[in-house]
Amino acid sequence: MKTIIEPFKIKSVEPIRFTTKEERIAILKKAGYNPFMIHADDVIIDLLTDSGTSAMSAKQWAGIMDGDEAYAGSKSFYRFEKQVEKITGMKYIIPTHQGRASEKILFSIVGGKGKYFPNNTHFDTTRANIEFTGAEAVDLLNETGKHPEIRADFKGNMDVEKLTEFIKKTGKENIPLCMITITNNSGGGQPVSMQNIREVKEVCNKYDIPLFIDACRFAENAYFIKKREKGYGNKPIIEIAKEIFSYADGATMSAKKDGLANIGGFLALNDEDLAMKCRNLLIVTEGFPTYGGLAGRDLEAIAQGLEEVLDESYLQYRIRSVEYLGERLVAAGVPIIEPPGGHAIYIDAKRFLPDIPPEQFPGQAIVGSLYVEGGIRSVEIGSVMFGKYDEKGRLIPPPMELVRLAIPRRVYTQSHIDYVLEVIIETFKNRKNLRGYKIVYEAPMLRHFTARFEVI
Ligand SMILES: *Cc1c(COP(=O)(O)O)cnc(C)c1O
């Protein structure tokens, strides 16, 4: 088989500013060893997130000029609405400025003290928006998904038995809705199978609980279903996506991921009463329901992006480029979550740095080192992001300590990725020199964004 090449040519470029290792040591220290505090201009390859970092196509940029900025009833909204309807089949499409705004609106209405929301794995903003209302966010990931070293096709699947048990124990009246996140971002970007979505829906139906999809990477998930699940090999991506959404009663989406846009999101709903409540809240917090916190041009870019993301040659390149990075890391002995997920490679920090305990944040230590060695920005997904404290103030670590290397869509070429590989492999060879961190400042919620660290 020949090399799968980028299915695009580059029309517009953005220069990268190079820094020296000495400069980066000083920059990292000044940033409190937190990658979120580093200026983007001081980063060589930015793998902090795949969110809002996509390169837009010529047609999306043309859409930016063509956007209709009418306050009410903009034609860009109707194009956006039509495209989201085409994919999700949902009746009520509500634009928001990004995914968490959809979550905020939804959970403000259905959340509250005494309520529980199961998911395969809640993304951090979803969890925060649920907990902010006093409700509880519960992760019911299948066992395989918790073991980075086990290779399986659908490690994002929800544990259906656990879900049934959970509903019986908690009482269906305390569960306003159940969610499935596709792909499972916090669990390694691993896909969820159609069969699992179908089974979860059956359980939800039995107990009369609506099923919502956290749809940020629905196209990547659909591509994995096409490649890995029996009976889907010949189905077009759009058909697979439609089937996924056919099992759902609603969806939250960040268009900054599979919308191939730099900003935006939506809530898609079938329940008229809930849609009405969401729109009323939207008007207070985001804007009128035909723009929802976005400019008309943003809606145009998202509508176009949602067409392009269904293109199979794009998805093939997308999934392959992540897999390429993963394959070569595995070949060099670097421990990662296997198989590679859709949008990112996750380094398993526990196996990378077995001598640094979770209390000293091994993931954060790797993040710091990749920046110093090669100007690569990554992010910790482990005890910094999800750690809690017990009554005695001791850390309760999450099951995994990971470092995420998220790949922006259509931004970097193979030689950029080869450079990333060289830096990671070199860091891995010198891993004995890495030291743990301690937190010297943290905010009460979503602390990873603003925490400051010192090297132990
Ligand atoms: C990014 C993301 C969100 C939140 O979306 P934002 O646009 O960043 O607010 C929610 N869920 C998942 C799975 C995500 O990846």
# chains A, B, ... in the order shown; residues from 1 in each chain; ligands from 1
$ residues_around --residues "A:Tyr371" --least-positions-apart "2" --cutoff "12 Å" --atoms "only C-alpha atoms" --output "PyMOL selection string"
chain A and resi 19-29+31+33-36+38+40+42-48+364-369+373-379+405+420+423-424+427
$ write_last_selection --atoms "C-alpha atoms" --output "PDB file, in the first residue's frame"
ATOM      1  CA  THR A  19      13.248  29.022  20.391  1.00  0.00           C
ATOM      2  CA  THR A  20      16.372  27.592  22.002  1.00  0.00           C
ATOM      3  CA  LYS A  21      16.364  25.078  24.828  1.00  0.00           C
ATOM      4  CA  GLU A  22      17.712  27.735  27.234  1.00  0.00           C
ATOM      5  CA  GLU A  23      14.864  30.068  26.319  1.00  0.00           C
ATOM      6  CA  ARG A  24      12.325  27.303  26.837  1.00  0.00           C
ATOM      7  CA  ILE A  25      13.667  26.431  30.299  1.00  0.00           C
ATOM      8  CA  ALA A  26      13.052  30.040  31.363  1.00  0.00           C
ATOM      9  CA  ILE A  27       9.657  30.235  29.640  1.00  0.00           C
ATOM     10  CA  LEU A  28       8.429  27.056  31.342  1.00  0.00           C
ATOM     11  CA  LYS A  29       9.544  28.230  34.764  1.00  0.00           C
ATOM     12  CA  ALA A  31       4.643  29.688  33.246  1.00  0.00           C
ATOM     13  CA  TYR A  33       5.284  24.578  34.630  1.00  0.00           C
ATOM     14  CA  ASN A  34       1.735  24.783  33.289  1.00  0.00           C
ATOM     15  CA  PRO A  35       1.456  24.498  29.482  1.00  0.00           C
ATOM     16  CA  PHE A  36      -1.750  26.585  29.504  1.00  0.00           C
ATOM     17  CA  ILE A  38       2.850  29.428  27.882  1.00  0.00           C
ATOM     18  CA  ALA A  40       1.485  30.141  21.866  1.00  0.00           C
ATOM     19  CA  ASP A  42       6.766  30.327  22.264  1.00  0.00           C
ATOM     20  CA  VAL A  43       5.570  26.904  21.081  1.00  0.00           C
ATOM     21  CA  ILE A  44       7.061  25.087  18.087  1.00  0.00           C
ATOM     22  CA  ILE A  45       4.530  22.259  17.655  1.00  0.00           C
ATOM     23  CA  ASP A  46       1.292  22.843  19.511  1.00  0.00           C
ATOM     24  CA  LEU A  47      -0.403  19.592  20.501  1.00  0.00           C
ATOM     25  CA  LEU A  48      -2.218  21.093  23.495  1.00  0.00           C
ATOM     26  CA  GLN A 364       3.001  16.937  34.200  1.00  0.00           C
ATOM     27  CA  ALA A 365       6.710  16.092  34.396  1.00  0.00           C
ATOM     28  CA  ILE A 366       6.599  14.602  30.879  1.00  0.00           C
ATOM     29  CA  VAL A 367       4.670  17.629  29.577  1.00  0.00           C
ATOM     30  CA  GLY A 368       7.388  19.923  30.958  1.00  0.00           C
ATOM     31  CA  SER A 369      10.155  17.845  29.472  1.00  0.00           C
ATOM     32  CA  GLU A 373      13.429  19.372  24.722  1.00  0.00           C
ATOM     33  CA  GLY A 374      11.515  20.301  21.587  1.00  0.00           C
ATOM     34  CA  GLY A 375       9.100  23.176  22.165  1.00  0.00           C
ATOM     35  CA  ILE A 376       6.218  20.696  21.960  1.00  0.00           C
ATOM     36  CA  ARG A 377       3.133  21.598  23.946  1.00  0.00           C
ATOM     37  CA  SER A 378       1.054  18.707  25.304  1.00  0.00           C
ATOM     38  CA  VAL A 379      -1.293  18.335  28.258  1.00  0.00           C
ATOM     39  CA  LEU A 405      -0.681  14.769  22.280  1.00  0.00           C
ATOM     40  CA  VAL A 420       7.599  15.174  17.434  1.00  0.00           C
ATOM     41  CA  VAL A 423      11.700  14.596  20.653  1.00  0.00           C
ATOM     42  CA  ILE A 424       9.497  12.072  22.495  1.00  0.00           C
ATOM     43  CA  THR A 427      12.893  12.260  26.218  1.00  0.00           C
TER      44      THR A 427
END
$ select_by_dssp --residues "stretch 113-263 of chain A" --states "alpha helix (DSSP H)" --output "PyMOL selection string"
chain A and resi 124-132+160-170+194-207+218-228+237-246
$ closest_atom_pairs --of "chain A" --to "ligand 1" --cutoff "7 Å" --atoms "only C-alpha atoms and all ligand atoms" --output "tab-separated table"
residue	atom	partner	partner_atom_place_in_ligand_line	distance
A:Ser51	CA	ligand 1	1 (C)	6.1
A:Gln98	CA	ligand 1	7 (O)	3.9
A:Gly99	CA	ligand 1	5 (O)	3.4
A:Arg100	CA	ligand 1	9 (O)	3.6
A:Ala101	CA	ligand 1	9 (O)	6.4
A:Phe123	CA	ligand 1	11 (N)	5.0
A:Thr125	CA	ligand 1	4 (C)	5.8
A:Thr126	CA	ligand 1	10 (C)	5.9
A:Thr181	CA	ligand 1	13 (C)	5.7
A:Ile182	CA	ligand 1	13 (C)	6.8
A:Asn184	CA	ligand 1	13 (C)	6.4
A:Asn185	CA	ligand 1	13 (C)	5.1
A:Asp214	CA	ligand 1	11 (N)	5.9
A:Cys216	CA	ligand 1	13 (C)	5.6
A:Met253	CA	ligand 1	5 (O)	6.8
A:Ser254	CA	ligand 1	7 (O)	4.2
A:Ala255	CA	ligand 1	7 (O)	6.7
A:Lys256	CA	ligand 1	7 (O)	5.7
A:Lys257	CA	ligand 1	1 (C)	6.9
A:Gly264	CA	ligand 1	7 (O)	6.8
A:Gly265	CA	ligand 1	7 (O)	6.4
$ select_by_dssp --residues "stretch 287-411 of chain A" --states "strand (DSSP E or B)" --output "compact mmCIF listing (two decimals) with N, CA and C atoms, in the first residue's frame"
# COMPACT_ATOMS: atom_id res chain seq x y z
N ILE A 336 2.14 3.82 25.34
CA ILE A 336 0.99 4.68 25.01
C ILE A 336 -0.29 3.86 25.17
N ALA A 344 -5.78 11.84 19.05
CA ALA A 344 -4.63 12.09 19.91
C ALA A 344 -3.91 10.79 20.26
N ILE A 345 -2.65 10.97 20.64
CA ILE A 345 -1.89 9.88 21.25
C ILE A 345 -1.79 10.19 22.73
N TYR A 346 -1.99 9.17 23.53
CA TYR A 346 -1.91 9.35 24.97
C TYR A 346 -0.74 8.53 25.49
N ILE A 347 0.26 9.23 26.01
CA ILE A 347 1.40 8.54 26.62
C ILE A 347 0.96 8.06 28.00
N ASP A 348 1.30 6.82 28.33
CA ASP A 348 0.98 6.27 29.64
C ASP A 348 2.10 6.66 30.61
N ILE A 376 7.51 21.34 22.22
CA ILE A 376 6.22 20.70 21.96
C ILE A 376 5.30 20.93 23.15
N ARG A 377 4.09 21.38 22.85
CA ARG A 377 3.13 21.60 23.95
C ARG A 377 2.12 20.46 23.97
N VAL A 379 -0.55 18.08 27.02
CA VAL A 379 -1.29 18.34 28.26
C VAL A 379 -1.43 17.07 29.09
N GLU A 380 -1.36 17.24 30.40
CA GLU A 380 -1.55 16.13 31.33
C GLU A 380 -3.03 15.81 31.47
N ILE A 381 -3.36 14.51 31.41
CA ILE A 381 -4.73 14.08 31.73
C ILE A 381 -4.56 13.00 32.78
N LYS A 388 -8.64 14.28 43.02
CA LYS A 388 -9.47 14.88 44.08
C LYS A 388 -8.73 14.70 45.39
N TYR A 389 -9.26 15.31 46.47
CA TYR A 389 -8.64 15.12 47.78
C TYR A 389 -9.61 14.42 48.71
N LEU A 395 -4.23 13.06 48.05
CA LEU A 395 -4.70 12.94 46.67
C LEU A 395 -5.43 11.62 46.43
N ILE A 396 -6.60 11.70 45.78
CA ILE A 396 -7.25 10.50 45.25
C ILE A 396 -7.01 10.53 43.74
N LEU A 402 -2.00 10.17 32.23
CA LEU A 402 -1.72 10.23 30.79
C LEU A 402 -1.16 11.59 30.39
N VAL A 403 -0.49 11.59 29.24
CA VAL A 403 -0.09 12.85 28.58
C VAL A 403 -0.71 12.81 27.20
N ARG A 404 -1.53 13.80 26.90
CA ARG A 404 -2.20 13.80 25.60
C ARG A 404 -1.45 14.64 24.59
N LEU A 405 -1.23 14.04 23.43
CA LEU A 405 -0.68 14.77 22.28
C LEU A 405 -1.82 14.85 21.28
N ALA A 406 -2.56 15.94 21.31
CA ALA A 406 -3.72 16.07 20.43
C ALA A 406 -3.26 16.64 19.09
$ residues_around --residues "A:Glu173" --least-positions-apart "2" --cutoff "10 Å" --atoms "only C-alpha atoms" --output "ChimeraX atom specification"
/A:115-116,167,170-171,175-177,207-209
$ write_last_selection --atoms "all heavy atoms" --output "mmCIF file, in the first residue's frame"
data_model
loop_
_atom_site.group_PDB
_atom_site.id
_atom_site.type_symbol
_atom_site.label_atom_id
_atom_site.label_comp_id
_atom_site.auth_asym_id
_atom_site.auth_seq_id
_atom_site.Cartn_x
_atom_site.Cartn_y
_atom_site.Cartn_z
ATOM 1 N N LYS A 115 -29.339 14.621 41.586
ATOM 2 C CA LYS A 115 -29.415 14.040 40.233
ATOM 3 C C LYS A 115 -28.064 13.401 39.852
ATOM 4 O O LYS A 115 -27.009 13.841 40.298
ATOM 5 C CB LYS A 115 -29.737 15.133 39.206
ATOM 6 C CG LYS A 115 -31.032 15.872 39.496
ATOM 7 C CD LYS A 115 -32.230 15.122 38.960
ATOM 8 C CE LYS A 115 -33.477 15.963 38.970
ATOM 9 N NZ LYS A 115 -34.439 15.502 39.988
ATOM 10 N N TYR A 116 -28.171 12.373 39.004
ATOM 11 C CA TYR A 116 -26.982 11.632 38.581
ATOM 12 C C TYR A 116 -26.951 11.518 37.062
ATOM 13 O O TYR A 116 -27.992 11.291 36.444
ATOM 14 C CB TYR A 116 -26.996 10.224 39.180
ATOM 15 C CG TYR A 116 -26.891 10.236 40.684
ATOM 16 C CD1 TYR A 116 -28.015 10.472 41.466
ATOM 17 C CD2 TYR A 116 -25.668 10.031 41.307
ATOM 18 C CE1 TYR A 116 -27.925 10.508 42.853
ATOM 19 C CE2 TYR A 116 -25.566 10.059 42.687
ATOM 20 C CZ TYR A 116 -26.688 10.295 43.457
ATOM 21 O OH TYR A 116 -26.594 10.332 44.822
ATOM 22 N N ILE A 167 -28.577 2.186 37.483
ATOM 23 C CA ILE A 167 -29.945 2.724 37.412
ATOM 24 C C ILE A 167 -30.809 2.107 38.517
ATOM 25 O O ILE A 167 -31.560 2.806 39.195
ATOM 26 C CB ILE A 167 -30.574 2.473 36.022
ATOM 27 C CG1 ILE A 167 -29.774 3.205 34.932
ATOM 28 C CG2 ILE A 167 -32.037 2.940 35.992
ATOM 29 C CD1 ILE A 167 -30.181 2.869 33.504
ATOM 30 N N THR A 170 -29.697 3.675 41.855
ATOM 31 C CA THR A 170 -29.897 5.123 41.999
ATOM 32 C C THR A 170 -31.363 5.519 41.848
ATOM 33 O O THR A 170 -31.792 6.524 42.421
ATOM 34 C CB THR A 170 -29.050 5.865 40.935
ATOM 35 O OG1 THR A 170 -27.751 5.301 40.926
ATOM 36 C CG2 THR A 170 -28.951 7.340 41.223
ATOM 37 N N GLY A 171 -32.091 4.748 41.069
ATOM 38 C CA GLY A 171 -33.491 5.097 40.812
ATOM 39 C C GLY A 171 -33.593 5.928 39.551
ATOM 40 O O GLY A 171 -32.943 6.976 39.438
ATOM 41 N N ILE A 175 -32.175 10.090 37.482
ATOM 42 C CA ILE A 175 -31.264 10.140 36.334
ATOM 43 C C ILE A 175 -31.977 10.825 35.162
ATOM 44 O O ILE A 175 -32.670 10.179 34.380
ATOM 45 C CB ILE A 175 -30.802 8.712 35.939
ATOM 46 C CG1 ILE A 175 -30.212 7.997 37.174
ATOM 47 C CG2 ILE A 175 -29.786 8.760 34.805
ATOM 48 C CD1 ILE A 175 -29.890 6.533 36.953
ATOM 49 N N PRO A 176 -31.815 12.156 35.045
ATOM 50 C CA PRO A 176 -32.544 12.879 34.001
ATOM 51 C C PRO A 176 -32.125 12.481 32.592
ATOM 52 O O PRO A 176 -32.922 12.578 31.669
ATOM 53 C CB PRO A 176 -32.203 14.345 34.268
ATOM 54 C CG PRO A 176 -31.689 14.373 35.662
ATOM 55 C CD PRO A 176 -31.047 13.047 35.919
ATOM 56 N N LEU A 177 -30.870 12.073 32.416
ATOM 57 C CA LEU A 177 -30.429 11.570 31.121
ATOM 58 C C LEU A 177 -29.122 10.821 31.265
ATOM 59 O O LEU A 177 -28.397 10.978 32.245
ATOM 60 C CB LEU A 177 -30.303 12.692 30.078
ATOM 61 C CG LEU A 177 -29.379 13.881 30.342
ATOM 62 C CD1 LEU A 177 -27.959 13.600 29.855
ATOM 63 C CD2 LEU A 177 -29.908 15.111 29.623
ATOM 64 N N TYR A 207 -35.828 1.915 31.084
ATOM 65 C CA TYR A 207 -36.066 2.722 32.295
ATOM 66 C C TYR A 207 -36.555 4.132 31.954
ATOM 67 O O TYR A 207 -36.595 4.996 32.817
ATOM 68 C CB TYR A 207 -34.785 2.784 33.133
ATOM 69 C CG TYR A 207 -34.402 1.431 33.683
ATOM 70 C CD1 TYR A 207 -33.449 0.641 33.040
ATOM 71 C CD2 TYR A 207 -35.016 0.932 34.836
ATOM 72 C CE1 TYR A 207 -33.107 -0.608 33.525
ATOM 73 C CE2 TYR A 207 -34.685 -0.322 35.335
ATOM 74 C CZ TYR A 207 -33.732 -1.085 34.676
ATOM 75 O OH TYR A 207 -33.406 -2.321 35.170
ATOM 76 N N ASP A 208 -36.851 4.354 30.673
ATOM 77 C CA ASP A 208 -37.421 5.638 30.293
ATOM 78 C C ASP A 208 -36.476 6.813 30.555
ATOM 79 O O ASP A 208 -36.882 7.864 31.044
ATOM 80 C CB ASP A 208 -38.722 5.835 31.105
ATOM 81 C CG ASP A 208 -39.785 6.450 30.216
ATOM 82 O OD1 ASP A 208 -39.538 6.569 29.010
ATOM 83 O OD2 ASP A 208 -40.854 6.835 30.757
ATOM 84 N N ILE A 209 -35.190 6.589 30.273
ATOM 85 C CA ILE A 209 -34.189 7.638 30.461
ATOM 86 C C ILE A 209 -33.704 8.098 29.080
ATOM 87 O O ILE A 209 -33.309 7.264 28.260
ATOM 88 C CB ILE A 209 -32.980 7.100 31.283
ATOM 89 C CG1 ILE A 209 -33.456 6.717 32.694
ATOM 90 C CG2 ILE A 209 -31.846 8.109 31.347
ATOM 91 C CD1 ILE A 209 -32.424 5.930 33.489
#
$ residues_around --residues "stretch 313-319 of chain A" --least-positions-apart "6" --cutoff "12 Å" --atoms "only C-alpha atoms" --output "number ranges by chain"
A: 3-8, 50, 54, 57, 189-191, 217-224, 226-227, 236-237, 258, 260, 305, 307, 325-326, 339-345, 406-414
$ residues_around --residues "stretch 151-161 of chain A" --least-positions-apart "5" --cutoff "12 Å" --atoms "only C-alpha atoms" --output "compact mmCIF listing (two decimals) with N, CA, C and O atoms, in the first residue's frame"
# COMPACT_ATOMS: atom_id res chain seq x y z
N PRO A 118 -24.92 9.36 34.25
CA PRO A 118 -23.91 8.38 33.80
C PRO A 118 -23.40 8.69 32.40
O PRO A 118 -24.10 9.31 31.59
N ASN A 119 -22.16 8.27 32.13
CA ASN A 119 -21.51 8.49 30.83
C ASN A 119 -20.45 7.39 30.70
O ASN A 119 -20.13 6.75 31.70
N ASN A 120 -19.92 7.14 29.51
CA ASN A 120 -18.77 6.25 29.45
C ASN A 120 -17.62 6.92 30.21
O ASN A 120 -17.12 6.38 31.18
N THR A 121 -17.23 8.11 29.80
CA THR A 121 -16.35 8.96 30.61
C THR A 121 -16.73 10.41 30.34
O THR A 121 -16.69 10.85 29.18
N HIS A 122 -17.07 11.13 31.38
CA HIS A 122 -17.38 12.54 31.19
C HIS A 122 -16.12 13.31 30.83
O HIS A 122 -15.07 13.12 31.44
N VAL A 138 -21.12 10.48 36.69
CA VAL A 138 -20.65 9.12 36.98
C VAL A 138 -20.08 8.48 35.72
O VAL A 138 -20.72 8.47 34.67
N ASP A 139 -18.87 7.96 35.82
CA ASP A 139 -18.22 7.29 34.68
C ASP A 139 -18.42 5.79 34.76
O ASP A 139 -18.10 5.18 35.78
N LEU A 140 -18.94 5.20 33.69
CA LEU A 140 -19.17 3.75 33.67
C LEU A 140 -18.48 3.12 32.46
O LEU A 140 -19.09 2.43 31.65
N LEU A 141 -17.19 3.39 32.34
CA LEU A 141 -16.41 2.86 31.22
C LEU A 141 -16.24 1.35 31.37
O LEU A 141 -16.08 0.85 32.48
N ASN A 142 -16.25 0.63 30.25
CA ASN A 142 -16.00 -0.81 30.30
C ASN A 142 -14.57 -1.07 30.77
O ASN A 142 -13.68 -0.24 30.60
N GLU A 143 -14.34 -2.25 31.36
CA GLU A 143 -13.07 -2.55 32.02
C GLU A 143 -11.87 -2.43 31.05
O GLU A 143 -10.84 -1.87 31.41
N THR A 144 -12.02 -2.93 29.84
CA THR A 144 -10.91 -2.89 28.87
C THR A 144 -10.40 -1.46 28.66
O THR A 144 -9.20 -1.23 28.51
N GLY A 145 -11.32 -0.52 28.65
CA GLY A 145 -10.97 0.88 28.41
C GLY A 145 -10.05 1.46 29.48
O GLY A 145 -9.43 2.49 29.28
N LYS A 146 -9.99 0.78 30.64
CA LYS A 146 -9.16 1.30 31.74
C LYS A 146 -7.74 0.76 31.71
O LYS A 146 -6.94 1.07 32.58
N PHE A 166 -26.42 0.49 38.03
CA PHE A 166 -26.42 1.87 38.52
C PHE A 166 -27.83 2.46 38.53
O PHE A 166 -28.24 3.12 39.49
N ILE A 167 -28.58 2.19 37.48
CA ILE A 167 -29.95 2.72 37.41
C ILE A 167 -30.81 2.11 38.52
O ILE A 167 -31.56 2.81 39.19
N LYS A 168 -30.66 0.79 38.71
CA LYS A 168 -31.44 0.12 39.76
C LYS A 168 -31.13 0.70 41.13
O LYS A 168 -32.02 0.92 41.95
N CYS A 178 -28.87 9.98 30.27
CA CYS A 178 -27.62 9.21 30.21
C CYS A 178 -26.84 9.73 29.00
O CYS A 178 -27.44 10.11 27.99
N MET A 179 -25.52 9.78 29.10
CA MET A 179 -24.71 10.28 27.97
C MET A 179 -23.74 9.23 27.47
O MET A 179 -23.31 8.35 28.23
N ILE A 180 -23.39 9.34 26.20
CA ILE A 180 -22.24 8.59 25.67
C ILE A 180 -21.36 9.58 24.92
O ILE A 180 -21.85 10.36 24.10
N THR A 181 -20.09 9.55 25.23
CA THR A 181 -19.14 10.47 24.60
C THR A 181 -18.42 9.75 23.47
O THR A 181 -17.77 8.73 23.70
N ILE A 182 -18.58 10.29 22.25
CA ILE A 182 -17.92 9.66 21.09
C ILE A 182 -17.02 10.70 20.40
O ILE A 182 -17.49 11.79 20.15
N THR A 183 -15.79 10.31 20.14
CA THR A 183 -15.04 9.25 20.78
C THR A 183 -14.80 9.64 22.24
O THR A 183 -15.01 10.80 22.60
N ASN A 184 -14.32 8.69 23.03
CA ASN A 184 -14.16 8.95 24.46
C ASN A 184 -12.88 9.75 24.71
O ASN A 184 -11.83 9.19 24.94
N ASN A 185 -13.00 11.06 24.69
CA ASN A 185 -11.85 11.95 24.78
C ASN A 185 -10.98 11.66 26.00
O ASN A 185 -9.80 11.33 25.87
N SER A 186 -11.56 11.72 27.19
CA SER A 186 -10.76 11.57 28.41
C SER A 186 -10.26 10.14 28.58
O SER A 186 -9.32 9.90 29.33
N GLY A 187 -10.87 9.19 27.89
CA GLY A 187 -10.41 7.80 27.98
C GLY A 187 -9.51 7.42 26.82
O GLY A 187 -9.45 6.25 26.43
N GLY A 188 -8.87 8.37 26.19
CA GLY A 188 -7.88 8.05 25.16
C GLY A 188 -8.37 8.21 23.73
O GLY A 188 -7.77 7.69 22.81
N GLY A 189 -9.48 8.93 23.54
CA GLY A 189 -9.98 9.13 22.17
C GLY A 189 -10.43 7.82 21.54
O GLY A 189 -10.41 7.65 20.32
N GLN A 190 -10.85 6.88 22.39
CA GLN A 190 -11.22 5.55 21.91
C GLN A 190 -12.68 5.55 21.44
O GLN A 190 -13.54 6.18 22.05
N PRO A 191 -12.96 4.81 20.36
CA PRO A 191 -14.31 4.82 19.81
C PRO A 191 -15.29 3.95 20.59
O PRO A 191 -14.89 3.08 21.37
N VAL A 192 -16.56 4.20 20.33
CA VAL A 192 -17.66 3.44 20.89
C VAL A 192 -18.32 2.71 19.72
O VAL A 192 -18.51 3.30 18.65
N SER A 193 -18.66 1.45 19.91
CA SER A 193 -19.25 0.69 18.80
C SER A 193 -20.74 1.00 18.66
O SER A 193 -21.39 1.44 19.60
N MET A 194 -21.25 0.75 17.46
CA MET A 194 -22.68 0.94 17.22
C MET A 194 -23.47 -0.01 18.12
O MET A 194 -24.50 0.36 18.67
N GLN A 195 -22.94 -1.22 18.27
CA GLN A 195 -23.63 -2.20 19.10
C GLN A 195 -23.77 -1.69 20.53
O GLN A 195 -24.82 -1.83 21.16
N ASN A 196 -22.71 -1.08 21.04
CA ASN A 196 -22.75 -0.56 22.40
C ASN A 196 -23.78 0.57 22.52
O ASN A 196 -24.55 0.62 23.48
N ILE A 197 -23.80 1.46 21.53
CA ILE A 197 -24.77 2.56 21.57
C ILE A 197 -26.18 1.98 21.56
O ILE A 197 -27.05 2.42 22.32
N ARG A 198 -26.38 0.96 20.73
CA ARG A 198 -27.69 0.30 20.64
C ARG A 198 -28.07 -0.33 21.98
O ARG A 198 -29.19 -0.19 22.46
N GLU A 199 -27.11 -1.01 22.60
CA GLU A 199 -27.40 -1.67 23.88
C GLU A 199 -27.69 -0.66 24.99
O GLU A 199 -28.59 -0.87 25.82
N VAL A 200 -26.92 0.43 25.00
CA VAL A 200 -27.16 1.47 26.01
C VAL A 200 -28.56 2.06 25.80
O VAL A 200 -29.31 2.28 26.75
N LYS A 201 -28.91 2.24 24.54
CA LYS A 201 -30.24 2.79 24.23
C LYS A 201 -31.34 1.86 24.73
O LYS A 201 -32.37 2.31 25.26
N GLU A 202 -31.12 0.55 24.57
CA GLU A 202 -32.13 -0.42 25.04
C GLU A 202 -32.33 -0.30 26.54
O GLU A 202 -33.47 -0.29 27.02
N VAL A 203 -31.23 -0.20 27.27
CA VAL A 203 -31.32 -0.04 28.73
C VAL A 203 -32.04 1.26 29.06
O VAL A 203 -32.95 1.30 29.90
N CYS A 204 -31.65 2.34 28.39
CA CYS A 204 -32.29 3.65 28.64
C CYS A 204 -33.78 3.56 28.36
O CYS A 204 -34.60 4.08 29.13
N ASN A 221 -15.51 8.82 15.14
CA ASN A 221 -16.11 7.59 15.69
C ASN A 221 -16.78 6.78 14.58
O ASN A 221 -16.65 5.55 14.52
N ALA A 222 -17.48 7.46 13.70
CA ALA A 222 -18.17 6.77 12.60
C ALA A 222 -17.15 6.06 11.70
O ALA A 222 -17.39 4.95 11.23
N PHE A 224 -14.22 4.84 12.60
CA PHE A 224 -13.77 3.63 13.31
C PHE A 224 -14.83 2.51 13.20
O PHE A 224 -14.48 1.35 13.05
N ILE A 225 -16.09 2.88 13.29
CA ILE A 225 -17.15 1.87 13.14
C ILE A 225 -17.07 1.26 11.74
O ILE A 225 -17.13 0.04 11.56
N LYS A 226 -16.88 2.11 10.76
CA LYS A 226 -16.78 1.61 9.38
C LYS A 226 -15.62 0.63 9.23
O LYS A 226 -15.75 -0.41 8.58
N LYS A 227 -14.50 0.97 9.84
CA LYS A 227 -13.30 0.14 9.68
C LYS A 227 -13.32 -1.12 10.55
O LYS A 227 -12.73 -2.13 10.20
N ARG A 228 -13.96 -1.04 11.71
CA ARG A 228 -13.78 -2.12 12.69
C ARG A 228 -15.03 -2.94 13.00
O ARG A 228 -14.91 -4.01 13.57
N GLU A 229 -16.21 -2.40 12.71
CA GLU A 229 -17.42 -3.13 13.14
C GLU A 229 -18.06 -3.86 11.97
O GLU A 229 -18.21 -3.30 10.88
N LYS A 230 -18.45 -5.10 12.24
CA LYS A 230 -19.04 -5.93 11.19
C LYS A 230 -20.31 -5.30 10.63
O LYS A 230 -21.15 -4.81 11.39
N ILE A 336 2.14 3.82 25.34
CA ILE A 336 0.99 4.68 25.01
C ILE A 336 -0.29 3.86 25.17
O ILE A 336 -0.22 2.64 25.31
N ILE A 337 -1.43 4.54 25.15
CA ILE A 337 -2.69 3.82 25.12
C ILE A 337 -2.81 3.19 23.74
O ILE A 337 -2.69 3.87 22.73
N GLU A 338 -3.06 1.88 23.76
CA GLU A 338 -3.19 1.17 22.48
C GLU A 338 -4.60 0.64 22.31
O GLU A 338 -5.23 0.25 23.30
N PRO A 339 -5.08 0.56 21.08
CA PRO A 339 -4.50 1.17 19.88
C PRO A 339 -4.68 2.69 19.92
O PRO A 339 -5.45 3.19 20.74
N PRO A 340 -3.99 3.45 19.05
CA PRO A 340 -4.15 4.90 19.05
C PRO A 340 -5.61 5.31 18.85
O PRO A 340 -6.34 4.63 18.13
N GLY A 341 -6.03 6.37 19.48
CA GLY A 341 -7.40 6.86 19.33
C GLY A 341 -7.54 7.71 18.08
O GLY A 341 -6.67 7.71 17.21
N GLY A 342 -8.63 8.47 18.00
CA GLY A 342 -8.93 9.20 16.78
C GLY A 342 -8.23 10.53 16.65
O GLY A 342 -7.87 10.95 15.55
$ residues_around --residues "A:Ser383" --least-positions-apart "6" --cutoff "8 Å" --atoms "only C-alpha atoms" --output "PyMOL selection string"
chain A and resi 358-359+361+396-398+401
$ closest_residue --among "A:Pro95, A:Gly382, A:Gly32, A:Gly111" --to "A:Gly287" --atoms "only C-alpha atoms"
A:Pro95
$ closest_residue --among "A:Ala332, A:Leu281, A:Leu353, A:Met90" --to "A:Ile213" --atoms "only C-alpha atoms"
A:Met90
$ atom_distance --atom1 "atom CA of A:Ile16" --atom2 "atom CA of A:His39"
12.9 Å
$ atom_distance --atom1 "atom CA of A:Leu267" --atom2 "atom CA of A:Glu103"
8.2 Å
$ atom_distance --atom1 "atom CA of A:Tyr71" --atom2 "atom CA of A:Lys91"
21.9 Å
